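Read the structure below first, then the notes.
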Amino acid sequence: MPVLDPRLIVALDYPSKKQALEFVDKVSPELCKLKVGKELFTLSGPTLIETLVSKGFDIFLDLKYHDIPNTVKRAIYAAGQLGVWMLNVHALGGYSMLLAAREGIDMVGTNRPYLIAVTLLTSHSQEDLDQLGVDQEIPEFVDRLADMAISAGLDGLVCSAQEAKPLRHRIGDGPLLVTPGIRPAGADPDDQQRTMTPEQAIADGSSYLVIGRPITQHADPAAALAAINKSILD
Ligand code: C5P
């Protein structure tokens, strides 16, 4: 297990296991956790997770489950046995699905991963909600989904850094808030529309920051991580 609890989660958005592992060799569990998403997991599966866990990294398996409650419960239980640190589901799957997900994670036992919920994807616009027949403004809908996830017993939420402050105020200090869209001052925003610096995101109540390209495409990822870690020290 890592000695420290780094608050940075690097998004391993690579199209092959080889490239992902080449990056991983440049960093360490004391500097960052790692996020494995749908592309890399579909390509490389549980063996990659086992490799990363054996290297001592905390892994956020970002598969955003959304299915009937029984299927989600079983998938969460299966994922929980891979030794990952964090898993997630879509709050849009509904309250029964969230309760089932919580049951699935509890079946893993006392060393279970954290289970968090995505509220509304930041790629969704008000027009998307209108098309779905959701007659609510995005902020109110995000609040509704957040309340549902927390009352179903989940450990926290994935949300945009901009939503962290109001959500932290709403749900209190206990639940985790995991926020993407992070860019150190002066970094290229890439395709992120609204970014926030690590310092501001932490000040606004984020528990963990997801950051990808500013680290994965940096000439010296370990130095870049060390600099950000230093900037967010309490
Ligand atoms: O490279 P970058 O820092 O933009 O990567 C951000 C990571 O967070 C990517 O893996 C992306 O899919 C994920 N993410 C996001 N925005 C969300 C949810 C997840 O950028 N709303």
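Ordering of the structure tokens sets the chain letters (A, B, ...), residue numbers begin anew at 1 in every chain, and ligands are numbered from 1 in the order given.
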Tell me, counting only C-alpha atoms, for each residue of region 48-165 of chain A within 12 Å of region 201-206 of chain A, which pair of atoms is nearest and how far apart they are in Å to one decimal, in rows ordered by chain and increasing number, as CSV.
```
residue,atom,partner,partner_atom,distance
A:Gly156,CA,A:Ser206,CA,10.6
A:Leu157,CA,A:Ser206,CA,9.9
A:Val158,CA,A:Ser206,CA,9.6
A:Cys159,CA,A:Ser206,CA,9.1
A:Ser160,CA,A:Ala201,CA,9.5
A:Ala161,CA,A:Ala201,CA,5.9
A:Gln162,CA,A:Ala201,CA,8.0
A:Glu163,CA,A:Asp204,CA,8.9
A:Ala164,CA,A:Gly205,CA,5.9
A:Lys165,CA,A:Asp204,CA,4.7
```
**OP:** Apply DSSP to the structure's backbone, then extract all residues of region 7-228 of chain A labelled alpha helix (DSSP H) and return them as a PyMOL selection string.
**Re:** chain A and resi 17-24+38-54+69-80+95-106+126-132+138-151+161-171+198-203+213-216+221-228
Go ahead and dump the residues you just picked, C-alpha atoms, as an mmCIF file, in the first residue's frame.
```cif
data_model
loop_
_atom_site.group_PDB
_atom_site.id
_atom_site.type_symbol
_atom_site.label_atom_id
_atom_site.label_comp_id
_atom_site.auth_asym_id
_atom_site.auth_seq_id
_atom_site.Cartn_x
_atom_site.Cartn_y
_atom_site.Cartn_z
ATOM 1 C CA LYS A 17 -1.207 -1.764 -22.340
ATOM 2 C CA LYS A 18 2.366 -1.231 -23.538
ATOM 3 C CA GLN A 19 1.988 2.552 -23.683
ATOM 4 C CA ALA A 20 0.179 2.620 -20.346
ATOM 5 C CA LEU A 21 2.939 0.630 -18.641
ATOM 6 C CA GLU A 22 5.665 2.774 -20.211
ATOM 7 C CA PHE A 23 4.028 5.777 -18.547
ATOM 8 C CA VAL A 24 3.504 3.953 -15.240
ATOM 9 C CA LYS A 38 -13.347 1.826 -20.665
ATOM 10 C CA GLU A 39 -10.814 1.876 -23.527
ATOM 11 C CA LEU A 40 -7.849 0.487 -21.637
ATOM 12 C CA PHE A 41 -9.906 -1.956 -19.596
ATOM 13 C CA THR A 42 -11.597 -3.276 -22.741
ATOM 14 C CA LEU A 43 -8.182 -3.789 -24.310
ATOM 15 C CA SER A 44 -6.238 -5.138 -21.370
ATOM 16 C CA GLY A 45 -8.755 -6.187 -18.717
ATOM 17 C CA PRO A 46 -8.132 -7.558 -15.249
ATOM 18 C CA THR A 47 -4.525 -8.590 -15.948
ATOM 19 C CA LEU A 48 -3.535 -4.962 -16.358
ATOM 20 C CA ILE A 49 -5.338 -4.074 -13.116
ATOM 21 C CA GLU A 50 -3.494 -6.869 -11.316
ATOM 22 C CA THR A 51 -0.180 -5.594 -12.672
ATOM 23 C CA LEU A 52 -0.884 -2.028 -11.542
ATOM 24 C CA VAL A 53 -2.113 -3.156 -8.120
ATOM 25 C CA SER A 54 1.014 -5.310 -7.687
ATOM 26 C CA PRO A 69 -29.838 -3.547 -10.357
ATOM 27 C CA ASN A 70 -28.916 -7.233 -10.192
ATOM 28 C CA THR A 71 -26.404 -6.936 -13.037
ATOM 29 C CA VAL A 72 -24.773 -3.895 -11.475
ATOM 30 C CA LYS A 73 -24.591 -5.571 -8.080
ATOM 31 C CA ARG A 74 -22.801 -8.573 -9.580
ATOM 32 C CA ALA A 75 -20.476 -6.473 -11.733
ATOM 33 C CA ILE A 76 -19.524 -4.334 -8.745
ATOM 34 C CA TYR A 77 -18.821 -7.430 -6.662
ATOM 35 C CA ALA A 78 -16.675 -8.838 -9.490
ATOM 36 C CA ALA A 79 -14.757 -5.571 -9.934
ATOM 37 C CA GLY A 80 -14.338 -5.232 -6.188
ATOM 38 C CA TYR A 95 -32.186 4.586 -6.693
ATOM 39 C CA SER A 96 -32.763 0.814 -6.835
ATOM 40 C CA MET A 97 -29.634 0.377 -8.935
ATOM 41 C CA LEU A 98 -27.619 2.510 -6.519
ATOM 42 C CA LEU A 99 -28.841 0.449 -3.556
ATOM 43 C CA ALA A 100 -27.900 -2.736 -5.429
ATOM 44 C CA ALA A 101 -24.456 -1.321 -6.201
ATOM 45 C CA ARG A 102 -23.986 -0.630 -2.517
ATOM 46 C CA GLU A 103 -24.973 -4.223 -1.729
ATOM 47 C CA GLY A 104 -22.461 -5.457 -4.314
ATOM 48 C CA ILE A 105 -19.628 -3.445 -2.809
ATOM 49 C CA ASP A 106 -20.500 -4.579 0.706
ATOM 50 C CA GLN A 126 -29.607 21.549 -21.186
ATOM 51 C CA GLU A 127 -30.790 20.573 -24.667
ATOM 52 C CA ASP A 128 -29.870 16.932 -23.935
ATOM 53 C CA LEU A 129 -32.011 17.039 -20.794
ATOM 54 C CA ASP A 130 -34.888 18.590 -22.755
ATOM 55 C CA GLN A 131 -34.616 15.831 -25.362
ATOM 56 C CA LEU A 132 -34.756 13.238 -22.582
ATOM 57 C CA ILE A 138 -28.818 21.161 -14.951
ATOM 58 C CA PRO A 139 -27.767 22.399 -11.459
ATOM 59 C CA GLU A 140 -31.034 21.248 -9.866
ATOM 60 C CA PHE A 141 -30.827 17.913 -11.668
ATOM 61 C CA VAL A 142 -27.232 17.402 -10.521
ATOM 62 C CA ASP A 143 -28.347 18.136 -6.924
ATOM 63 C CA ARG A 144 -31.148 15.634 -7.248
ATOM 64 C CA LEU A 145 -28.833 12.891 -8.517
ATOM 65 C CA ALA A 146 -26.240 13.720 -5.858
ATOM 66 C CA ASP A 147 -28.810 13.481 -3.050
ATOM 67 C CA MET A 148 -30.036 10.169 -4.419
ATOM 68 C CA ALA A 149 -26.536 8.671 -4.577
ATOM 69 C CA ILE A 150 -25.582 9.790 -1.087
ATOM 70 C CA SER A 151 -28.851 8.613 0.447
ATOM 71 C CA ALA A 161 -14.676 21.033 -10.498
ATOM 72 C CA GLN A 162 -17.155 23.903 -10.941
ATOM 73 C CA GLU A 163 -19.821 21.870 -9.140
ATOM 74 C CA ALA A 164 -17.562 20.917 -6.221
ATOM 75 C CA LYS A 165 -18.184 23.977 -4.067
ATOM 76 C CA PRO A 166 -21.998 23.916 -4.093
ATOM 77 C CA LEU A 167 -22.055 20.122 -3.846
ATOM 78 C CA ARG A 168 -19.635 20.122 -0.908
ATOM 79 C CA HIS A 169 -21.886 22.621 0.822
ATOM 80 C CA ARG A 170 -24.917 20.474 0.069
ATOM 81 C CA ILE A 171 -23.621 17.018 1.064
ATOM 82 C CA PRO A 198 -5.514 22.030 -8.619
ATOM 83 C CA GLU A 199 -5.255 24.596 -5.815
ATOM 84 C CA GLN A 200 -8.713 26.037 -6.523
ATOM 85 C CA ALA A 201 -10.333 22.606 -6.873
ATOM 86 C CA ILE A 202 -8.965 21.518 -3.491
ATOM 87 C CA ALA A 203 -10.010 24.837 -1.921
ATOM 88 C CA ARG A 213 -2.863 14.950 -20.536
ATOM 89 C CA PRO A 214 -0.996 17.615 -18.529
ATOM 90 C CA ILE A 215 0.788 14.668 -16.878
ATOM 91 C CA THR A 216 0.718 11.883 -19.464
ATOM 92 C CA PRO A 221 5.619 13.313 -15.504
ATOM 93 C CA ALA A 222 7.143 12.653 -12.068
ATOM 94 C CA ALA A 223 8.383 16.241 -11.802
ATOM 95 C CA ALA A 224 5.013 17.585 -12.971
ATOM 96 C CA LEU A 225 3.202 15.471 -10.365
ATOM 97 C CA ALA A 226 5.606 16.507 -7.619
ATOM 98 C CA ALA A 227 5.023 20.171 -8.464
ATOM 99 C CA ILE A 228 1.239 19.809 -8.321
#
```
Between chain A and ligand 1, at 6 Å or less, what are the per-residue closest atom pairs and their distances in Å? Count only C-alpha atoms and all ligand atoms, order by chain and rising residue number, and return it as CSV.
```
residue,atom,partner,partner_atom_place_in_ligand_line,distance
A:Ala11,CA,ligand 1,10 (O),4.9
A:Asp13,CA,ligand 1,10 (O),5.9
A:Leu121,CA,ligand 1,21 (N),5.1
A:Thr122,CA,ligand 1,21 (N),4.3
A:Ser160,CA,ligand 1,21 (N),5.8
A:Pro180,CA,ligand 1,8 (O),4.7
A:Gly181,CA,ligand 1,20 (O),5.2
A:Ile182,CA,ligand 1,3 (O),6.0
A:Gln192,CA,ligand 1,4 (O),5.9
A:Val210,CA,ligand 1,8 (O),5.7
A:Ile211,CA,ligand 1,3 (O),3.9
A:Gly212,CA,ligand 1,1 (O),3.4
A:Arg213,CA,ligand 1,1 (O),3.7
```
Same residues, N, CA and C atoms, saved as a compact mmCIF listing (two decimals), in the first residue's frame:
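Output below, filename selection_35.txt:
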```txt
# COMPACT_ATOMS: atom_id res chain seq x y z
N ALA A 11 -5.29 9.96 -15.26
CA ALA A 11 -6.12 9.21 -16.22
C ALA A 11 -5.21 8.50 -17.21
N ASP A 13 -5.25 7.28 -20.11
CA ASP A 13 -6.01 7.21 -21.36
C ASP A 13 -5.08 6.84 -22.51
N LEU A 121 -23.09 13.63 -16.73
CA LEU A 121 -21.84 13.85 -17.48
C LEU A 121 -21.74 15.33 -17.85
N THR A 122 -20.53 15.86 -17.75
CA THR A 122 -20.36 17.28 -18.08
C THR A 122 -20.55 17.52 -19.58
N SER A 160 -17.97 17.89 -11.92
CA SER A 160 -17.04 18.86 -12.49
C SER A 160 -16.48 19.71 -11.35
N PRO A 180 -12.66 15.89 -12.41
CA PRO A 180 -11.80 16.04 -13.60
C PRO A 180 -11.81 17.49 -14.09
N GLY A 181 -11.21 17.73 -15.24
CA GLY A 181 -11.18 19.08 -15.80
C GLY A 181 -10.15 19.96 -15.10
N ILE A 182 -9.08 19.33 -14.61
CA ILE A 182 -8.07 20.05 -13.83
C ILE A 182 -6.90 20.44 -14.74
N GLN A 192 -11.01 20.44 -22.88
CA GLN A 192 -11.84 20.75 -21.71
C GLN A 192 -12.37 22.18 -21.84
N VAL A 210 -8.78 14.35 -10.87
CA VAL A 210 -8.42 13.52 -12.03
C VAL A 210 -7.74 14.41 -13.05
N ILE A 211 -6.55 14.01 -13.44
CA ILE A 211 -5.78 14.81 -14.40
C ILE A 211 -5.09 13.87 -15.38
N GLY A 212 -5.24 14.16 -16.66
CA GLY A 212 -4.69 13.28 -17.68
C GLY A 212 -3.55 13.90 -18.45
N ARG A 213 -3.89 14.51 -19.60
CA ARG A 213 -2.86 14.95 -20.54
C ARG A 213 -1.78 15.86 -19.97
```
Original post:
Could you name the residues that touch Leu61 (chain A) at 10 Å or less, counting only C-alpha atoms, but leaving out those on the same chain fewer than 2 positions away, as a PyMOL selection string?
Top reply: chain A and resi 34-38+41+49+58-59+63-64+79-80+82+84-88+113
**OP:** Between A:Thr119, A:Gln193, A:Ser125, A:Ser28, single out the one closest to Val89 (chain A), counting only C-alpha atoms.
**Re:**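 For Val89 (chain A), the nearest of the given residues is A:Thr119.
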Original post:
Counting only C-alpha atoms, which of A:Lys33, A:Asp25, A:Asp173, A:Ala219 gets nearest to Pro6 (chain A)?
Top reply: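 Distance minimum relative to Pro6 (chain A) lands on A:Lys33.
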Subject >> Among the residues A:Arg194, A:Leu4, A:Pro15, A:Ser231, the one that comes closest to Ser123 (chain A) [using only C-alpha atoms] >> reply: A:Arg194
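Between CA of His66 (chain A) and CA of Thr195 (chain A) lies a distance of 26.8 Å.
Closest approach to Tyr208 (chain A) among A:Asn229, A:Leu177, A:Gly109, A:Asp191: A:Leu177, based on only C-alpha atoms.
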Subject >> Which of region 52-230 of chain A fall in strand (DSSP E or B), as an MDAnalysis selection string >> reply: chainID A and resid 59:65 86:90 114:118 156:158 176:179 182 196 208:211
Taking N, CA and C atoms for each residue, export the selection above as a CSV table (one decimal), in the first residue's frame.
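The result, stored in part19.csv:
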```csv
chain,number,residue,atom,x,y,z
A,59,ILE,N,-6.0,2.1,-7.7
A,59,ILE,CA,-6.6,2.2,-9.0
A,59,ILE,C,-8.1,2.6,-8.9
A,60,PHE,N,-8.5,3.6,-9.6
A,60,PHE,CA,-9.9,4.0,-9.8
A,60,PHE,C,-10.3,3.3,-11.1
A,61,LEU,N,-11.1,2.3,-11.0
A,61,LEU,CA,-11.7,1.6,-12.2
A,61,LEU,C,-12.9,2.4,-12.7
A,62,ASP,N,-12.8,3.2,-13.7
A,62,ASP,CA,-13.8,4.1,-14.2
A,62,ASP,C,-14.6,3.5,-15.3
A,63,LEU,N,-15.5,2.6,-14.9
A,63,LEU,CA,-16.3,1.9,-15.9
A,63,LEU,C,-17.8,2.4,-15.9
A,64,LYS,N,-18.1,3.2,-14.9
A,64,LYS,CA,-19.5,3.9,-14.9
A,64,LYS,C,-20.6,2.9,-15.2
A,65,TYR,N,-20.8,1.9,-14.3
A,65,TYR,CA,-21.8,0.9,-14.6
A,65,TYR,C,-23.2,1.6,-14.6
A,86,MET,N,-11.2,2.3,-6.1
A,86,MET,CA,-12.4,3.0,-6.3
A,86,MET,C,-13.1,2.5,-7.6
A,87,LEU,N,-14.5,2.5,-7.5
A,87,LEU,CA,-15.3,2.1,-8.6
A,87,LEU,C,-16.4,3.1,-8.7
A,88,ASN,N,-17.1,3.1,-9.9
A,88,ASN,CA,-18.2,4.1,-10.0
A,88,ASN,C,-19.4,3.5,-10.9
A,89,VAL,N,-20.5,4.2,-10.7
A,89,VAL,CA,-21.7,3.9,-11.4
A,89,VAL,C,-22.4,5.2,-11.8
A,90,HIS,N,-23.3,5.1,-12.7
A,90,HIS,CA,-24.1,6.3,-13.1
A,90,HIS,C,-25.3,6.5,-12.1
A,114,TYR,N,-13.9,2.1,-2.6
A,114,TYR,CA,-14.9,3.2,-2.5
A,114,TYR,C,-15.8,3.0,-3.7
A,115,LEU,N,-17.1,3.4,-3.5
A,115,LEU,CA,-18.0,3.3,-4.6
A,115,LEU,C,-18.6,4.7,-4.7
A,116,ILE,N,-18.4,5.3,-5.9
A,116,ILE,CA,-18.9,6.7,-6.1
A,116,ILE,C,-19.8,6.7,-7.3
A,117,ALA,N,-20.6,7.8,-7.4
A,117,ALA,CA,-21.5,7.9,-8.6
A,117,ALA,C,-21.2,9.2,-9.4
A,118,VAL,N,-21.4,9.0,-10.7
A,118,VAL,CA,-21.3,10.1,-11.6
A,118,VAL,C,-22.7,10.7,-11.6
A,156,GLY,N,-19.4,8.8,-2.4
A,156,GLY,CA,-19.2,10.1,-3.0
A,156,GLY,C,-19.6,10.2,-4.4
A,157,LEU,N,-19.1,11.3,-5.0
A,157,LEU,CA,-19.5,11.7,-6.4
A,157,LEU,C,-18.4,12.0,-7.3
A,158,VAL,N,-18.6,11.8,-8.6
A,158,VAL,CA,-17.7,12.4,-9.6
A,158,VAL,C,-18.5,13.6,-10.0
A,176,LEU,N,-16.8,11.7,-0.6
A,176,LEU,CA,-15.7,12.1,-1.5
A,176,LEU,C,-16.3,12.9,-2.7
A,177,LEU,N,-15.5,13.8,-3.1
A,177,LEU,CA,-15.8,14.5,-4.4
A,177,LEU,C,-14.5,14.3,-5.3
A,178,VAL,N,-14.8,13.7,-6.5
A,178,VAL,CA,-13.7,13.4,-7.4
A,178,VAL,C,-13.9,14.3,-8.7
A,179,THR,N,-12.9,15.1,-9.0
A,179,THR,CA,-13.2,16.1,-10.0
A,179,THR,C,-12.2,16.1,-11.2
A,182,ILE,N,-9.1,19.3,-14.6
A,182,ILE,CA,-8.1,20.1,-13.8
A,182,ILE,C,-6.9,20.4,-14.7
A,196,MET,N,-10.1,24.1,-14.0
A,196,MET,CA,-9.8,24.7,-12.7
A,196,MET,C,-8.4,24.3,-12.3
A,208,TYR,N,-10.3,14.4,-4.5
A,208,TYR,CA,-9.3,13.8,-5.4
A,208,TYR,C,-9.5,14.5,-6.8
A,209,LEU,N,-8.3,14.7,-7.4
A,209,LEU,CA,-8.4,15.4,-8.7
A,209,LEU,C,-8.0,14.4,-9.8
A,210,VAL,N,-8.8,14.4,-10.9
A,210,VAL,CA,-8.4,13.5,-12.0
A,210,VAL,C,-7.7,14.4,-13.0
A,211,ILE,N,-6.5,14.0,-13.4
A,211,ILE,CA,-5.8,14.8,-14.4
A,211,ILE,C,-5.1,13.9,-15.4
```
Original post:
Between CA of Asp5 (chain A) and CA of Leu233 (chain A), what is the spacing in Å?
Top reply: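 Taking CA of Leu233 (chain A) as the start and CA of Asp5 (chain A) as the end point, the length is 11.6 Å.
Taking CA of Gly172 (chain A) as the reference point, CA of Ser207 (chain A) is found at 12.3 Å.
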